[in-house]
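S.K.: Here it is, the structure, as structure tokens.
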Amino acid sequence: MKITTLFIVASFLSLVVAAAEDKPTSTPAVTPDAKLARSEAARIAELEARVLNLEKIIESLRKAVSSLPAIKPPSEQAASTDSAAVRDRRGPTEEDRRRYESLSDSGKEKLRSFFRDHADEIRNLAGDEARREFVRKAFDKIVAEDKTAKP
């Protein structure tokens, strides 16, 4: 009989424990609005983290840019290349102009045809100095030929 009573008590206790586990919890039910609010809060936190990261990147770029050497704006660069010193080095000198004017008409035509025939070659030479030397040699040769051809 004692075993039967123990068995009944144990069965009763197991039913009580099972019933206690089946009880609904006291936590409130989560509504769809609450879920949306939580997801929006999470998204806002993520965006704030990204903004903070971007601000750090911008600050590091500012530091990097401030350490670069100063570069003249294009308007100042154009002004410096138009200076008298640069203009004097480009094109014919006053002496070259006088020599050209002293050429005969056939000498002038030879020089013009030289420039027409060799325009691509002159353009493709590397550097102003190489172009200047090439043209100077041809000009000197044409001037010498013109002087010997004059009566």
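Ordering of the structure tokens sets the chain letters (A, B, ...); residue numbers start at 1 within each chain; ligands are numbered from 1 in the order shown.
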Within 10 Å of region 110-125 of chain A, counting only C-alpha atoms, which residues qualify if same-chain residues fewer than 6 places away don't, as a PyMOL selection string?

M.R.: chain A and resi 100+103-104+131-132+134-135+138-139+141-143+146

S.K.: Can you measure CA of Lys72 (chain A) to CA of Leu54 (chain A) for me? One decimal in Å is fine.

M.R.: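 Computing it gives 29.1 Å between the two atoms.
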